[in-house]
$ cat start.cif   # mmCIF, C-alpha atoms and all ligand atoms
data_upload
#
loop_
_atom_site.group_PDB
_atom_site.id
_atom_site.type_symbol
_atom_site.label_atom_id
_atom_site.label_comp_id
_atom_site.auth_asym_id
_atom_site.auth_seq_id
_atom_site.Cartn_x
_atom_site.Cartn_y
_atom_site.Cartn_z
ATOM 1 C CA MET Z 26 -19.555 8.962 6.834
ATOM 2 C CA PRO Z 27 -18.884 5.395 7.965
ATOM 3 C CA HIS Z 28 -15.363 4.539 8.915
ATOM 4 C CA LEU Z 29 -13.422 1.470 9.772
ATOM 5 C CA THR Z 30 -14.686 0.274 13.124
ATOM 6 C CA ILE Z 31 -11.432 -1.029 14.470
ATOM 7 C CA ARG Z 32 -10.923 0.166 18.021
ATOM 8 C CA THR Z 33 -7.580 0.512 19.692
ATOM 9 C CA PRO Z 34 -6.513 2.790 22.538
ATOM 10 C CA LYS Z 35 -6.727 6.458 21.610
ATOM 11 C CA ARG Z 36 -3.080 7.021 22.355
ATOM 12 C CA ALA Z 37 -2.136 4.531 19.644
ATOM 13 C CA ARG Z 38 -4.017 6.525 17.072
ATOM 14 C CA ARG Z 39 -2.199 9.213 15.169
ATOM 15 C CA PRO Z 40 -4.451 11.363 13.033
ATOM 16 C CA HIS Z 41 -3.411 11.363 9.409
ATOM 17 C CA SER Z 42 -1.399 14.439 8.727
ATOM 18 C CA SER Z 43 -1.410 16.215 5.420
ATOM 19 C CA THR Z 44 2.214 15.290 4.856
ATOM 20 C CA VAL Z 45 4.362 12.204 4.828
ATOM 21 C CA ASP Z 46 6.606 12.058 7.898
ATOM 22 C CA PRO Z 47 10.057 13.065 6.565
ATOM 23 C CA LYS Z 48 11.681 10.582 8.939
ATOM 24 C CA PHE Z 49 10.564 7.834 6.571
ATOM 25 C CA THR Z 50 11.360 9.348 3.193
ATOM 26 C CA GLN Z 51 14.202 11.291 1.673
ATOM 27 C CA TRP Z 52 11.969 12.668 -1.068
ATOM 28 C CA ALA Z 53 9.599 15.608 -1.139
ATOM 29 C CA LEU Z 54 6.146 14.018 -0.940
ATOM 30 C CA GLY Z 55 2.775 15.591 -0.367
ATOM 31 C CA VAL Z 56 -0.693 14.363 0.539
ATOM 32 C CA ARG Z 57 -3.403 15.761 -1.721
ATOM 33 C CA ARG Z 58 -6.827 14.971 -3.071
ATOM 34 C CA SER Z 59 -6.616 12.127 -5.546
ATOM 35 C CA ALA Z 60 -8.634 11.409 -8.674
ATOM 36 C CA ILE Z 61 -8.346 7.701 -7.820
ATOM 37 C CA HIS Z 62 -9.666 7.735 -4.261
ATOM 38 C CA GLY Z 63 -9.884 10.220 -1.388
ATOM 39 C CA THR Z 64 -6.417 11.515 -0.672
ATOM 40 C CA GLY Z 65 -3.234 10.154 -2.151
ATOM 41 C CA VAL Z 66 0.508 10.680 -1.923
ATOM 42 C CA PHE Z 67 2.178 12.763 -4.617
ATOM 43 C CA ALA Z 68 5.782 13.276 -5.638
ATOM 44 C CA LEU Z 69 6.732 16.931 -5.272
ATOM 45 C CA GLU Z 70 10.042 16.344 -7.056
ATOM 46 C CA THR Z 71 11.260 13.938 -9.713
ATOM 47 C CA ILE Z 72 12.120 10.507 -8.289
ATOM 48 C CA PRO Z 73 14.377 8.220 -10.342
ATOM 49 C CA ARG Z 74 13.605 4.580 -11.028
ATOM 50 C CA GLY Z 75 14.705 2.111 -8.350
ATOM 51 C CA ALA Z 76 14.645 4.529 -5.401
ATOM 52 C CA ARG Z 77 13.287 3.690 -1.970
ATOM 53 C CA VAL Z 78 10.534 6.280 -1.992
ATOM 54 C CA VAL Z 79 9.032 5.817 1.468
ATOM 55 C CA GLU Z 80 8.933 3.273 4.274
ATOM 56 C CA TYR Z 81 5.554 1.834 5.293
ATOM 57 C CA THR Z 82 5.163 2.222 9.044
ATOM 58 C CA GLY Z 83 2.510 1.509 11.638
ATOM 59 C CA GLN Z 84 1.522 -0.848 14.394
ATOM 60 C CA ARG Z 85 3.162 -4.255 14.084
ATOM 61 C CA ILE Z 86 0.663 -7.033 14.655
ATOM 62 C CA SER Z 87 0.437 -10.783 14.180
ATOM 63 C CA ARG Z 88 -1.223 -12.389 11.177
ATOM 64 C CA ALA Z 89 -4.006 -13.625 13.462
ATOM 65 C CA GLU Z 90 -4.696 -10.098 14.692
ATOM 66 C CA ALA Z 91 -4.610 -8.763 11.117
ATOM 67 C CA HIS Z 92 -7.122 -11.442 10.164
ATOM 68 C CA ARG Z 93 -9.394 -10.395 13.041
ATOM 69 C CA ARG Z 94 -9.171 -6.769 11.979
ATOM 70 C CA SER Z 95 -9.983 -7.471 8.349
ATOM 71 C CA GLN Z 96 -12.899 -9.710 9.394
ATOM 72 C CA ARG Z 97 -14.281 -6.889 11.526
ATOM 73 C CA TRP Z 98 -13.851 -4.597 8.536
ATOM 74 C CA GLU Z 99 -15.729 -7.006 6.276
ATOM 75 C CA ARG Z 100 -18.511 -7.389 8.828
ATOM 76 C CA ALA Z 101 -18.791 -3.610 8.952
ATOM 77 C CA GLY Z 102 -19.586 -3.706 5.252
ATOM 78 C CA ALA Z 103 -15.999 -3.230 4.019
ATOM 79 C CA ARG Z 104 -16.366 0.496 4.353
ATOM 80 C CA GLY Z 105 -13.685 2.994 5.139
ATOM 81 C CA PRO Z 106 -9.995 2.510 4.705
ATOM 82 C CA ILE Z 107 -7.962 -0.483 5.774
ATOM 83 C CA TYR Z 108 -4.200 -0.287 5.936
ATOM 84 C CA LEU Z 109 -2.895 -3.784 6.551
ATOM 85 C CA ALA Z 110 0.377 -4.674 4.829
ATOM 86 C CA SER Z 111 2.076 -7.987 5.371
ATOM 87 C CA VAL Z 112 5.848 -7.705 5.800
ATOM 88 C CA SER Z 113 6.844 -11.271 6.622
ATOM 89 C CA ALA Z 114 5.345 -14.682 7.269
ATOM 90 C CA ARG Z 115 4.400 -13.549 10.774
ATOM 91 C CA VAL Z 116 4.141 -9.789 10.864
ATOM 92 C CA VAL Z 117 1.588 -7.403 9.413
ATOM 93 C CA ILE Z 118 1.827 -3.627 9.698
ATOM 94 C CA ASP Z 119 -1.382 -1.714 10.355
ATOM 95 C CA GLY Z 120 -0.742 1.729 8.948
ATOM 96 C CA ALA Z 121 -3.951 3.024 10.541
ATOM 97 C CA PHE Z 122 -1.979 3.386 13.746
ATOM 98 C CA GLY Z 123 1.325 5.207 13.597
ATOM 99 C CA GLY Z 124 1.418 5.279 9.821
ATOM 100 C CA CYS Z 125 3.833 7.849 8.380
ATOM 101 C CA GLY Z 126 1.542 8.704 5.463
ATOM 102 C CA ALA Z 127 2.702 5.868 3.195
ATOM 103 C CA GLU Z 128 -0.565 4.090 4.027
ATOM 104 C CA LEU Z 129 -2.335 6.753 1.951
ATOM 105 C CA VAL Z 130 -0.699 5.561 -1.278
ATOM 106 C CA ASN Z 131 -3.576 4.533 -3.523
ATOM 107 C CA HIS Z 132 -3.959 1.385 -5.566
ATOM 108 C CA SER Z 133 -3.461 1.303 -9.320
ATOM 109 C CA CYS Z 134 -3.425 -1.625 -11.718
ATOM 110 C CA ALA Z 135 -0.523 0.190 -13.458
ATOM 111 C CA PRO Z 136 1.490 1.213 -10.392
ATOM 112 C CA ASN Z 137 4.684 3.290 -10.233
ATOM 113 C CA VAL Z 138 5.948 1.828 -6.955
ATOM 114 C CA VAL Z 139 6.434 -1.782 -5.855
ATOM 115 C CA PRO Z 140 6.812 -3.200 -2.354
ATOM 116 C CA LEU Z 141 10.222 -4.218 -1.055
ATOM 117 C CA LYS Z 142 10.246 -6.335 2.111
ATOM 118 C CA ARG Z 143 13.471 -6.695 4.080
ATOM 119 C CA ARG Z 144 13.873 -8.022 7.619
ATOM 120 C CA GLY Z 145 10.330 -7.299 8.659
ATOM 121 C CA ARG Z 146 10.300 -3.825 7.132
ATOM 122 C CA LEU Z 147 8.541 -2.596 4.027
ATOM 123 C CA TRP Z 148 9.483 0.097 1.549
ATOM 124 C CA PHE Z 149 7.851 1.364 -1.600
ATOM 125 C CA VAL Z 150 10.411 1.410 -4.411
ATOM 126 C CA SER Z 151 9.923 3.349 -7.647
ATOM 127 C CA LYS Z 152 9.303 1.038 -10.570
ATOM 128 C CA ARG Z 153 9.990 3.787 -13.065
ATOM 129 C CA ARG Z 154 10.885 7.457 -13.033
ATOM 130 C CA ILE Z 155 8.180 9.411 -11.225
ATOM 131 C CA ALA Z 156 7.707 12.999 -12.322
ATOM 132 C CA ALA Z 157 7.024 15.850 -9.917
ATOM 133 C CA GLY Z 158 3.268 16.087 -9.498
ATOM 134 C CA ASP Z 159 2.595 12.403 -10.190
ATOM 135 C CA GLU Z 160 0.600 10.396 -7.693
ATOM 136 C CA LEU Z 161 2.396 7.415 -6.146
ATOM 137 C CA THR Z 162 0.490 4.209 -6.814
ATOM 138 C CA LEU Z 163 0.919 0.607 -5.739
ATOM 139 C CA ASP Z 164 -0.757 -2.587 -6.869
ATOM 140 C CA TYR Z 165 -2.387 -3.718 -3.598
ATOM 141 C CA ALA Z 166 -2.666 -7.223 -5.068
ATOM 142 C CA VAL Z 167 -5.488 -8.052 -2.669
ATOM 143 C CA SER Z 168 -6.401 -11.733 -2.481
ATOM 144 C CA PRO Z 169 -9.199 -12.769 -4.840
ATOM 145 C CA ASP Z 170 -10.831 -14.394 -1.798
ATOM 146 C CA ALA Z 171 -11.175 -11.090 0.046
ATOM 147 C CA VAL Z 172 -14.108 -8.729 -0.364
ATOM 148 C CA HIS Z 173 -13.926 -7.270 -3.851
ATOM 149 C CA VAL Z 174 -13.295 -3.558 -3.926
ATOM 150 C CA LYS Z 175 -13.965 -1.660 -7.117
ATOM 151 C CA CYS Z 176 -10.943 -0.032 -8.760
ATOM 152 C CA ARG Z 177 -11.059 3.446 -10.216
ATOM 153 C CA CYS Z 178 -7.415 3.717 -11.224
ATOM 154 C CA GLY Z 179 -8.249 4.523 -14.831
ATOM 155 C CA ALA Z 180 -5.341 2.471 -16.200
ATOM 156 C CA LYS Z 181 -5.762 0.873 -19.629
ATOM 157 C CA ASN Z 182 -5.185 -2.563 -18.094
ATOM 158 C CA CYS Z 183 -7.432 -1.917 -15.068
ATOM 159 C CA ARG Z 184 -8.670 -5.206 -13.570
ATOM 160 C CA GLY Z 185 -11.855 -3.555 -12.346
ATOM 161 C CA THR Z 186 -11.125 -4.485 -8.728
ATOM 162 C CA ILE Z 187 -8.107 -4.016 -6.475
ATOM 163 C CA ASN Z 188 -8.186 -7.804 -5.986
ATOM 164 C CA LEU Z 189 -6.054 -10.085 -8.084
ATOM 165 C CA SER Z 190 -7.820 -12.444 -10.417
ATOM 166 C CA ARG Z 191 -7.620 -16.091 -9.379
ATOM 167 C CA LYS Z 192 -5.642 -17.025 -12.452
ATOM 168 C CA ARG Z 193 -3.050 -14.329 -11.929
ATOM 169 C CA ARG Z 194 -2.440 -15.267 -8.325
ATOM 170 C CA ALA Z 195 -1.824 -18.874 -9.337
ATOM 171 C CA THR Z 196 0.952 -17.812 -11.697
ATOM 172 C CA ARG Z 197 2.475 -15.143 -9.468
ATOM 173 C CA LYS Z 198 4.483 -17.313 -7.128
ATOM 174 C CA SER Z 199 6.124 -19.491 -9.705
ATOM 175 C CA SER Z 200 6.921 -16.858 -12.312
ATOM 176 C CA PRO Z 201 10.721 -16.738 -12.788
ATOM 177 C CA LYS Z 202 10.398 -13.285 -14.318
ATOM 178 C CA ARG Z 203 8.956 -11.916 -11.089
ATOM 179 C CA LYS Z 204 11.687 -13.557 -9.045
ATOM 180 C CA ARG Z 205 14.341 -11.981 -11.216
ATOM 181 C CA ALA Z 206 12.645 -8.616 -10.902
ATOM 182 C CA ARG Z 207 12.598 -8.976 -7.131
ATOM 183 C CA ARG Z 208 16.261 -9.888 -7.042
ATOM 184 C CA ARG Z 209 17.123 -6.874 -9.162
ATOM 185 C CA MET Z 210 15.179 -4.684 -6.793
ATOM 186 C CA ALA Z 211 16.930 -6.188 -3.763
ATOM 187 C CA LYS Z 212 20.352 -5.215 -5.066
ATOM 188 C CA ARG Z 213 19.550 -1.559 -4.956
HETATM 189 ZN ZN ZN Z 301 -7.481 -0.518 -11.715
#
$ encode --input "start.cif" --output "structure tokens"
Amino acid sequence: MPHLTIRTPKRARRPHSSTVDPKFTQWALGVRRSAIHGTGVFALETIPRGARVVEYTGQRISRAEAHRRSQRWERAGARGPIYLASVSARVVIDGAFGGCGAELVNHSCAPNVVPLKRRGRLWFVSKRRIAAGDELTLDYAVSPDAVHVKCRCGAKNCRGTINLSRKRRATRKSSPKRKRARRRMAKR
């Protein structure tokens, strides 16, 4: 089975455990097989709306290094997982190394968590009440310019790929509704 061909020193690599590191969540979460893709993260208890569900952790790298890693991934045929999450204008977290398990959260076009970025850190915040047994899902909102990856989220409004459509990205930044939603989230 082909995997991501990114190489870093062995000691930096932490094998994915079957749990989410409890240091980075106050909720009972479990890693299980997912109908969406491979393994996913599941709520083992009910999580209310607006809660910080889990922090996204991993190796902190520059944007340039993240770009190099995703290029290598694309050259390798865009196979295997990639866990790059941008947290600020300069810093990207690579959850493949030192990830607490949050990097296993799958994509959905109808997600139940949204990213919250604060001071170079990233949390997944519940967008609605999440019932025990539900899989946590996030809209990866991958650039339309990146390699297109097919989506199997099964949502009614599924875009078909985990990438944003060009049109949507153009309206994202300027949408006052989104800004308000972000502000609301920040208050929590
Ligand atoms: Zn989808």
$ resolve_selection --input "start.cif" --expression "the PyMOL selection byres (((chain Z and resi 180-191) around 7) and not hetatm)" --output "NGL selection string"
:Z and (132 or 134-135 or 165-169 or 173-176 or 178-179 or 192-195)
$ residues_near_point --input "start.cif" --point "(12.3, -1.2, -1.0)" --cutoff "8 Å" --atoms "all atoms listed in the file" --output "PyMOL selection string"
chain Z and resi 76-78+80+139-143+147-150+210-211
$ closest_residue --input "start.cif" --among "Z:Pro106, Z:Glu99, Z:Val112, Z:Arg154" --to "Ala171 (chain Z)" --atoms "all atoms listed in the file"
Z:Glu99
$ atom_distance --input "start.cif" --atom1 "CA of Asp46 (chain Z)" --atom2 "CA of Val66 (chain Z)"
11.6 Å
$ atom_distance --input "start.cif" --atom1 "CA of Val45 (chain Z)" --atom2 "CA of Ala89 (chain Z)"
28.5 Å
$ atom_distance --input "start.cif" --atom1 "atom ZN of ligand ZN 301 (chain Z)" --atom2 "CA of Ser133 (chain Z)"
5.0 Å
$ resolve_selection --input "start.cif" --expression "the PyMOL selection byres (((chain Z and resi 68) around 6) and not hetatm)" --output "number ranges by chain"
Z: 54, 67, 69-70, 157-159
$ residues_around --input "start.cif" --residues "Pro136 (chain Z)" --least-positions-apart "3" --cutoff "7 Å" --atoms "only C-alpha atoms" --output "PDB file with C-alpha atoms, in the frame of the given file"
ATOM      1  CA  SER Z 133      -3.461   1.303  -9.320  1.00  0.00           C
ATOM      2  CA  THR Z 162       0.490   4.209  -6.814  1.00  0.00           C
ATOM      3  CA  LEU Z 163       0.919   0.607  -5.739  1.00  0.00           C
ATOM      4  CA  ASP Z 164      -0.757  -2.587  -6.869  1.00  0.00           C
TER       5      ASP Z 164
END
$ build_atoms --input "start.cif" --residues "region 107-122 of chain Z" --atoms "N, CA and C atoms" --output "PDB file, in the coordinates of the input"
ATOM      1  N   ILE Z 107      -8.653   0.556   5.012  1.00  0.00           N
ATOM      2  CA  ILE Z 107      -7.962  -0.483   5.774  1.00  0.00           C
ATOM      3  C   ILE Z 107      -6.515  -0.439   5.315  1.00  0.00           C
ATOM      4  N   TYR Z 108      -5.599  -0.540   6.273  1.00  0.00           N
ATOM      5  CA  TYR Z 108      -4.200  -0.287   5.936  1.00  0.00           C
ATOM      6  C   TYR Z 108      -3.289  -1.422   6.384  1.00  0.00           C
ATOM      7  N   LEU Z 109      -3.685  -2.645   6.100  1.00  0.00           N
ATOM      8  CA  LEU Z 109      -2.895  -3.784   6.551  1.00  0.00           C
ATOM      9  C   LEU Z 109      -1.925  -4.205   5.456  1.00  0.00           C
ATOM     10  N   ALA Z 110      -0.636  -4.259   5.795  1.00  0.00           N
ATOM     11  CA  ALA Z 110       0.377  -4.674   4.829  1.00  0.00           C
ATOM     12  C   ALA Z 110       1.238  -5.752   5.460  1.00  0.00           C
ATOM     13  N   SER Z 111       1.285  -6.908   4.804  1.00  0.00           N
ATOM     14  CA  SER Z 111       2.076  -7.987   5.371  1.00  0.00           C
ATOM     15  C   SER Z 111       3.545  -7.775   5.027  1.00  0.00           C
ATOM     16  N   VAL Z 112       4.421  -7.941   6.036  1.00  0.00           N
ATOM     17  CA  VAL Z 112       5.848  -7.705   5.800  1.00  0.00           C
ATOM     18  C   VAL Z 112       6.696  -8.962   5.923  1.00  0.00           C
ATOM     19  N   SER Z 113       6.126  -9.999   6.527  1.00  0.00           N
ATOM     20  CA  SER Z 113       6.844 -11.271   6.622  1.00  0.00           C
ATOM     21  C   SER Z 113       5.804 -12.345   6.866  1.00  0.00           C
ATOM     22  N   ALA Z 114       6.280 -13.580   7.049  1.00  0.00           N
ATOM     23  CA  ALA Z 114       5.345 -14.682   7.269  1.00  0.00           C
ATOM     24  C   ALA Z 114       4.530 -14.466   8.538  1.00  0.00           C
ATOM     25  N   ARG Z 115       5.072 -13.691   9.484  1.00  0.00           N
ATOM     26  CA  ARG Z 115       4.400 -13.549  10.774  1.00  0.00           C
ATOM     27  C   ARG Z 115       3.840 -12.162  11.049  1.00  0.00           C
ATOM     28  N   VAL Z 116       4.458 -11.164  10.451  1.00  0.00           N
ATOM     29  CA  VAL Z 116       4.141  -9.789  10.864  1.00  0.00           C
ATOM     30  C   VAL Z 116       3.378  -9.026   9.794  1.00  0.00           C
ATOM     31  N   VAL Z 117       2.369  -8.298  10.268  1.00  0.00           N
ATOM     32  CA  VAL Z 117       1.588  -7.403   9.413  1.00  0.00           C
ATOM     33  C   VAL Z 117       1.691  -6.013  10.035  1.00  0.00           C
ATOM     34  N   ILE Z 118       1.806  -4.999   9.197  1.00  0.00           N
ATOM     35  CA  ILE Z 118       1.827  -3.627   9.698  1.00  0.00           C
ATOM     36  C   ILE Z 118       0.467  -3.010   9.444  1.00  0.00           C
ATOM     37  N   ASP Z 119      -0.130  -2.442  10.515  1.00  0.00           N
ATOM     38  CA  ASP Z 119      -1.382  -1.714  10.355  1.00  0.00           C
ATOM     39  C   ASP Z 119      -1.067  -0.218  10.332  1.00  0.00           C
ATOM     40  N   GLY Z 120      -1.084   0.324   9.136  1.00  0.00           N
ATOM     41  CA  GLY Z 120      -0.742   1.729   8.948  1.00  0.00           C
ATOM     42  C   GLY Z 120      -1.780   2.689   9.502  1.00  0.00           C
ATOM     43  N   ALA Z 121      -2.924   2.154   9.951  1.00  0.00           N
ATOM     44  CA  ALA Z 121      -3.951   3.024  10.541  1.00  0.00           C
ATOM     45  C   ALA Z 121      -3.470   3.601  11.860  1.00  0.00           C
ATOM     46  N   PHE Z 122      -2.479   2.946  12.454  1.00  0.00           N
ATOM     47  CA  PHE Z 122      -1.979   3.386  13.746  1.00  0.00           C
ATOM     48  C   PHE Z 122      -0.477   3.628  13.644  1.00  0.00           C
TER      49      PHE Z 122
END
